[in-house]
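Asker: mmCIF, C-alpha atoms; chains and numbers go by the auth columns, file protein.cif:
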```
data_input
loop_
_atom_site.group_PDB
_atom_site.id
_atom_site.type_symbol
_atom_site.label_atom_id
_atom_site.label_comp_id
_atom_site.label_asym_id
_atom_site.label_seq_id
_atom_site.Cartn_x
_atom_site.Cartn_y
_atom_site.Cartn_z
_atom_site.B_iso_or_equiv
_atom_site.auth_seq_id
_atom_site.auth_asym_id
ATOM 1 C CA MET A 1 71.020 17.253 -48.107 0.00 67 R
ATOM 2 C CA ALA A 2 68.081 15.417 -49.670 0.00 68 R
ATOM 3 C CA ALA A 3 65.519 13.855 -47.388 0.00 69 R
ATOM 4 C CA THR A 4 64.886 10.201 -47.939 0.00 70 R
ATOM 5 C CA THR A 5 61.407 8.763 -47.890 0.00 71 R
ATOM 6 C CA PRO A 6 61.056 5.986 -45.342 0.00 72 R
ATOM 7 C CA ASP A 7 60.484 2.514 -46.756 0.00 73 R
ATOM 8 C CA VAL A 8 57.224 1.684 -44.990 0.00 74 R
ATOM 9 C CA ARG A 9 55.134 -1.219 -46.204 0.00 75 R
ATOM 10 C CA VAL A 10 51.799 -2.615 -45.111 0.00 76 R
ATOM 11 C CA ARG A 11 50.979 -6.293 -45.122 0.00 77 R
ATOM 12 C CA ARG A 12 48.421 -8.532 -43.533 0.00 78 R
ATOM 13 C CA VAL A 13 49.758 -10.309 -40.479 0.00 79 R
ATOM 14 C CA TYR A 14 48.398 -13.578 -41.868 0.00 80 R
ATOM 15 C CA ASP A 15 50.771 -13.381 -44.870 0.00 81 R
ATOM 16 C CA PRO A 16 54.047 -15.265 -44.469 0.00 82 R
ATOM 17 C CA PRO A 17 57.078 -13.091 -43.685 0.00 83 R
ATOM 18 C CA ALA A 18 59.125 -11.919 -46.652 0.00 84 R
ATOM 19 C CA PRO A 19 62.924 -11.642 -46.578 0.00 85 R
ATOM 20 C CA ASP A 20 62.739 -7.903 -47.355 0.00 86 R
ATOM 21 C CA ASP A 21 60.186 -7.017 -44.630 0.00 87 R
ATOM 22 C CA GLY A 22 62.772 -5.379 -42.413 0.00 88 R
ATOM 23 C CA VAL A 23 61.382 -4.666 -38.949 0.00 89 R
ATOM 24 C CA ARG A 24 57.919 -6.226 -38.639 0.00 90 R
ATOM 25 C CA VAL A 25 55.621 -4.057 -36.508 0.00 91 R
ATOM 26 C CA PHE A 26 52.161 -5.287 -35.522 0.00 92 R
ATOM 27 C CA VAL A 27 49.860 -2.272 -35.283 0.00 93 R
ATOM 28 C CA ASP A 28 46.531 -3.746 -34.135 0.00 94 R
ATOM 29 C CA ARG A 29 45.391 -3.577 -30.517 0.00 95 R
ATOM 30 C CA LEU A 30 43.965 -7.108 -30.459 0.00 96 R
ATOM 31 C CA TRP A 31 45.843 -10.243 -31.429 0.00 97 R
ATOM 32 C CA PRO A 32 44.273 -11.857 -34.534 0.00 98 R
ATOM 33 C CA ARG A 33 42.297 -15.036 -34.105 0.00 99 R
ATOM 34 C CA GLY A 34 43.804 -18.253 -35.293 0.00 100 R
ATOM 35 C CA LEU A 35 47.385 -16.996 -35.536 0.00 101 R
ATOM 36 C CA ALA A 36 50.112 -18.207 -33.207 0.00 102 R
ATOM 37 C CA LYS A 37 52.435 -15.429 -32.064 0.00 103 R
ATOM 38 C CA THR A 38 55.447 -17.498 -33.095 0.00 104 R
ATOM 39 C CA ASP A 39 54.070 -17.783 -36.656 0.00 105 R
ATOM 40 C CA ALA A 40 53.667 -14.016 -37.042 0.00 106 R
ATOM 41 C CA HIS A 41 57.366 -13.165 -36.598 0.00 107 R
ATOM 42 C CA ILE A 42 56.635 -9.838 -34.922 0.00 108 R
ATOM 43 C CA ASP A 43 59.549 -7.602 -33.920 0.00 109 R
ATOM 44 C CA GLU A 44 57.529 -4.809 -32.281 0.00 110 R
ATOM 45 C CA TRP A 45 53.968 -4.380 -30.980 0.00 111 R
ATOM 46 C CA PRO A 46 53.558 -0.727 -29.918 0.00 112 R
ATOM 47 C CA LYS A 47 50.027 -0.809 -28.512 0.00 113 R
ATOM 48 C CA ALA A 48 50.159 2.946 -27.840 0.00 114 R
ATOM 49 C CA LEU A 49 49.983 3.431 -31.637 0.00 115 R
ATOM 50 C CA THR A 50 46.820 1.425 -32.100 0.00 116 R
ATOM 51 C CA PRO A 51 43.379 3.019 -32.317 0.00 117 R
ATOM 52 C CA SER A 52 41.570 3.079 -28.984 0.00 118 R
ATOM 53 C CA THR A 53 38.933 0.478 -28.275 0.00 119 R
ATOM 54 C CA GLU A 54 36.287 3.213 -28.364 0.00 120 R
ATOM 55 C CA LEU A 55 37.407 4.497 -31.767 0.00 121 R
ATOM 56 C CA ARG A 56 37.673 1.003 -33.203 0.00 122 R
ATOM 57 C CA ARG A 57 34.140 0.140 -32.025 0.00 123 R
ATOM 58 C CA TRP A 58 32.751 3.413 -33.400 0.00 124 R
ATOM 59 C CA TYR A 59 34.379 2.847 -36.798 0.00 125 R
ATOM 60 C CA HIS A 60 33.014 -0.689 -37.122 0.00 126 R
ATOM 61 C CA GLY A 61 29.567 0.380 -35.924 0.00 127 R
ATOM 62 C CA PRO A 62 26.679 1.863 -37.910 0.00 128 R
ATOM 63 C CA GLU A 63 27.944 5.460 -37.565 0.00 129 R
ATOM 64 C CA GLY A 64 31.540 4.707 -38.582 0.00 130 R
ATOM 65 C CA GLU A 65 32.872 6.665 -41.559 0.00 131 R
ATOM 66 C CA TYR A 66 36.447 6.428 -42.832 0.00 132 R
ATOM 67 C CA ASP A 67 37.372 10.128 -43.165 0.00 133 R
ATOM 68 C CA GLU A 68 36.077 10.876 -39.672 0.00 134 R
ATOM 69 C CA PHE A 69 37.867 7.780 -38.351 0.00 135 R
ATOM 70 C CA CYS A 70 41.127 9.085 -39.827 0.00 136 R
ATOM 71 C CA ARG A 71 40.604 12.514 -38.234 0.00 137 R
ATOM 72 C CA ARG A 72 39.884 11.000 -34.811 0.00 138 R
ATOM 73 C CA TYR A 73 42.791 8.581 -35.073 0.00 139 R
ATOM 74 C CA GLU A 74 45.175 11.434 -35.955 0.00 140 R
ATOM 75 C CA GLU A 75 44.007 13.157 -32.772 0.00 141 R
ATOM 76 C CA GLU A 76 44.773 9.992 -30.790 0.00 142 R
ATOM 77 C CA LEU A 77 48.241 9.841 -32.349 0.00 143 R
ATOM 78 C CA ALA A 78 48.951 13.320 -30.960 0.00 144 R
ATOM 79 C CA ALA A 79 48.521 12.098 -27.352 0.00 145 R
ATOM 80 C CA PRO A 80 51.856 11.825 -25.487 0.00 146 R
ATOM 81 C CA ALA A 81 52.202 8.014 -25.362 0.00 147 R
ATOM 82 C CA ALA A 82 51.156 7.596 -28.994 0.00 148 R
ATOM 83 C CA ALA A 83 53.363 10.479 -30.161 0.00 149 R
ATOM 84 C CA GLU A 84 56.351 8.905 -28.408 0.00 150 R
ATOM 85 C CA ALA A 85 55.630 5.511 -29.987 0.00 151 R
ATOM 86 C CA LEU A 86 55.198 7.158 -33.395 0.00 152 R
ATOM 87 C CA GLU A 87 58.542 8.900 -33.034 0.00 153 R
ATOM 88 C CA GLY A 88 60.145 5.547 -32.193 0.00 154 R
ATOM 89 C CA LEU A 89 58.616 4.068 -35.328 0.00 155 R
ATOM 90 C CA ARG A 90 59.897 7.033 -37.361 0.00 156 R
ATOM 91 C CA ASP A 91 63.387 6.331 -36.018 0.00 157 R
ATOM 92 C CA LEU A 92 63.102 2.678 -37.083 0.00 158 R
ATOM 93 C CA ALA A 93 61.896 3.701 -40.546 0.00 159 R
ATOM 94 C CA ALA A 94 64.793 6.149 -40.913 0.00 160 R
ATOM 95 C CA ARG A 95 67.211 3.253 -40.437 0.00 161 R
ATOM 96 C CA GLY A 96 65.607 0.753 -42.803 0.00 162 R
ATOM 97 C CA THR A 97 62.488 -0.983 -44.022 0.00 163 R
ATOM 98 C CA VAL A 98 59.509 -1.180 -41.683 0.00 164 R
ATOM 99 C CA THR A 99 56.544 -3.412 -42.424 0.00 165 R
ATOM 100 C CA LEU A 100 53.314 -2.518 -40.646 0.00 166 R
ATOM 101 C CA LEU A 101 51.255 -5.626 -40.004 0.00 167 R
ATOM 102 C CA THR A 102 47.500 -5.678 -39.554 0.00 168 R
ATOM 103 C CA ALA A 103 44.711 -8.237 -39.526 0.00 169 R
ATOM 104 C CA ALA A 104 42.401 -5.790 -41.346 0.00 170 R
ATOM 105 C CA LYS A 105 40.831 -7.319 -44.443 0.00 171 R
ATOM 106 C CA ASP A 106 41.327 -4.038 -46.306 0.00 172 R
ATOM 107 C CA PRO A 107 44.464 -2.332 -44.943 0.00 173 R
ATOM 108 C CA ALA A 108 43.930 0.689 -47.223 0.00 174 R
ATOM 109 C CA ALA A 109 40.684 1.449 -45.356 0.00 175 R
ATOM 110 C CA SER A 110 42.208 0.944 -41.931 0.00 176 R
ATOM 111 C CA HIS A 111 44.410 2.828 -39.498 0.00 177 R
ATOM 112 C CA THR A 112 47.527 1.627 -41.313 0.00 178 R
ATOM 113 C CA SER A 113 47.021 4.225 -44.056 0.00 179 R
ATOM 114 C CA VAL A 114 47.003 6.949 -41.380 0.00 180 R
ATOM 115 C CA LEU A 115 50.189 5.511 -39.868 0.00 181 R
ATOM 116 C CA GLU A 116 51.864 5.382 -43.273 0.00 182 R
ATOM 117 C CA ARG A 117 51.121 9.073 -43.826 0.00 183 R
ATOM 118 C CA ALA A 118 52.287 9.969 -40.326 0.00 184 R
ATOM 119 C CA LEU A 119 55.561 8.126 -40.842 0.00 185 R
ATOM 120 C CA SER A 120 56.177 9.852 -44.160 0.00 186 R
ATOM 121 C CA ALA A 121 55.417 13.322 -42.791 0.00 187 R
ATOM 122 C CA ARG A 122 58.453 15.292 -41.760 0.00 188 R
ATOM 123 C CA LYS A 123 58.409 16.413 -38.163 0.00 189 R
ATOM 124 C CA GLY A 124 58.625 20.042 -38.084 0.00 190 R
#
```
Any chance you could put this one into structure tokens?
Answerer:
Amino acid sequence: MAATTPDVRVRRVYDPPAPDDGVRVFVDRLWPRGLAKTDAHIDEWPKALTPSTELRRWYHGPEGEYDEFCRRYEEELAAPAAAEALEGLRDLAARGTVTLLTAAKDPAASHTSVLERALSARKG
């Protein structure tokens, strides 16, 4: 039986919803400024999956470096609450399209790239 790759997409939460977004999952800890919750069309907001406040502040500070951020965030994702939330997101992705939503200006240099990899990795 061939394994299927989950259809996981990343979009900015400020972008209007698309018909093919599937389940829209907001993956930032803080709600973005200037956006009404009703306008975002969020289906899930698993805060246990978001980087900790401490990690987020470190990354955006003078010492923050992307590769180290990714390593530290992966460690956070291994904690029980985050691991459970990640497994729930994997289950959603196994059933259909999941769109990860973030307010990050550059999603490729944010935690969403780590989440995308984690969702694509087979649990083993």
Asker: Please, what distance in Å, to one decimal, runs between atom CA of Ser186 of chain R and atom CA of Pro72 of chain R?
Answerer: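 Between these atoms lies a distance of 6.3 Å.
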Asker: With distances taken over all atoms listed in the file, which residue among R:Asp105, R:Glu150, R:Glu110, R:Asp172 lies nearest Val89 of chain R?
Answerer: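 Selected residue with least distance to Val89 of chain R: R:Glu110.
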Asker: What's around segment 122-124 of chain R at 12 Å? Count all atoms listed in the file, leave out sequence neighbours fewer than 5 positions away in its own chain, and write the answer as an mmCIF file with C-alpha atoms, in the frame of the given file.
Answerer:
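The result, written out as part-v2.cif:
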```
data_model
loop_
_atom_site.group_PDB
_atom_site.id
_atom_site.type_symbol
_atom_site.label_atom_id
_atom_site.label_comp_id
_atom_site.auth_asym_id
_atom_site.auth_seq_id
_atom_site.Cartn_x
_atom_site.Cartn_y
_atom_site.Cartn_z
ATOM 1 C CA ASP R 94 46.531 -3.746 -34.135
ATOM 2 C CA ARG R 95 45.391 -3.577 -30.517
ATOM 3 C CA LEU R 96 43.965 -7.108 -30.459
ATOM 4 C CA THR R 116 46.820 1.425 -32.100
ATOM 5 C CA PRO R 117 43.379 3.019 -32.317
ATOM 6 C CA GLU R 129 27.944 5.460 -37.565
ATOM 7 C CA GLY R 130 31.540 4.707 -38.582
ATOM 8 C CA GLU R 131 32.872 6.665 -41.559
ATOM 9 C CA TYR R 132 36.447 6.428 -42.832
ATOM 10 C CA GLU R 134 36.077 10.876 -39.672
ATOM 11 C CA PHE R 135 37.867 7.780 -38.351
ATOM 12 C CA CYS R 136 41.127 9.085 -39.827
ATOM 13 C CA ARG R 138 39.884 11.000 -34.811
ATOM 14 C CA TYR R 139 42.791 8.581 -35.073
ATOM 15 C CA GLU R 142 44.773 9.992 -30.790
ATOM 16 C CA ALA R 170 42.401 -5.790 -41.346
ATOM 17 C CA SER R 176 42.208 0.944 -41.931
ATOM 18 C CA HIS R 177 44.410 2.828 -39.498
#
```
Asker: Under the rule that only C-alpha atoms are counted, which of R:Leu101, R:Gly88, R:Ile108, R:Leu115 is the nearest residue to Leu152 of chain R?
Answerer: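 Result for the nearest residue to Leu152 of chain R: R:Leu115.
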Asker: Let me make sure I understand: among R:Thr119, R:Ser179, R:Thr104, R:Thr165, which one has the smallest atom-to-atom distance to Val74 of chain R if we use all atoms listed in the file?
Answerer: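 Ranking R:Thr119, R:Ser179, R:Thr104, R:Thr165 by distance to Val74 of chain R, first place goes to R:Thr165.
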Asker: Under the rule that only C-alpha atoms are counted, which of R:Asp73, R:Ala160, R:Leu155, R:Val79 is the nearest residue to Pro173 of chain R?
Answerer: R:Val79
Asker: Nearest to Ala159 of chain R: which of R:Ala114, R:Leu185, R:Ala106, R:Val93 is it, counting all atoms listed in the file?
Answerer: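 Looking at the shortest contact to Ala159 of chain R, the residue is R:Leu185.
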Asker: As an exercise, work out the distance from atom CA of Gly162 of chain R to atom CA of Ala145 of chain R in Å and give it to one decimal place.
Answerer: 25.7 Å
Asker: Can you work out the spacing between atom CA of His126 of chain R and atom CA of Arg90 of chain R in Å, to one decimal?
Answerer: 25.6 Å
Asker: Would you please work out which residue, of R:Arg161, R:Arg137, R:Lys171, R:Arg156, is nearest to Asp81 of chain R when using all atoms listed in the file?
Answerer: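 Between R:Arg161, R:Arg137, R:Lys171, R:Arg156, the residue approaching Asp81 of chain R most closely is R:Lys171.
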Asker: Can you give me, as a list in words, the residues this file yields under the PyMOL selection byres ((chain R and resi 166) around 7)?
Answerer: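 Those residues are Arg75, Val76, Arg77, Arg90, Val91, Phe92, Val93, Val164, Thr165, Leu167 and Thr168 of chain R.
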Asker: Segment 160-163 of chain R, all listed atoms, 8 Å padding on each side: what axis-aligned box centre and edge lengths in Å to one decimal come out, as lines of an AutoDock Vina configuration file?
Answerer:
```
center_x = 64.8
center_y = 2.6
center_z = -42.2
size_x = 20.7
size_y = 23.1
size_z = 19.6
```
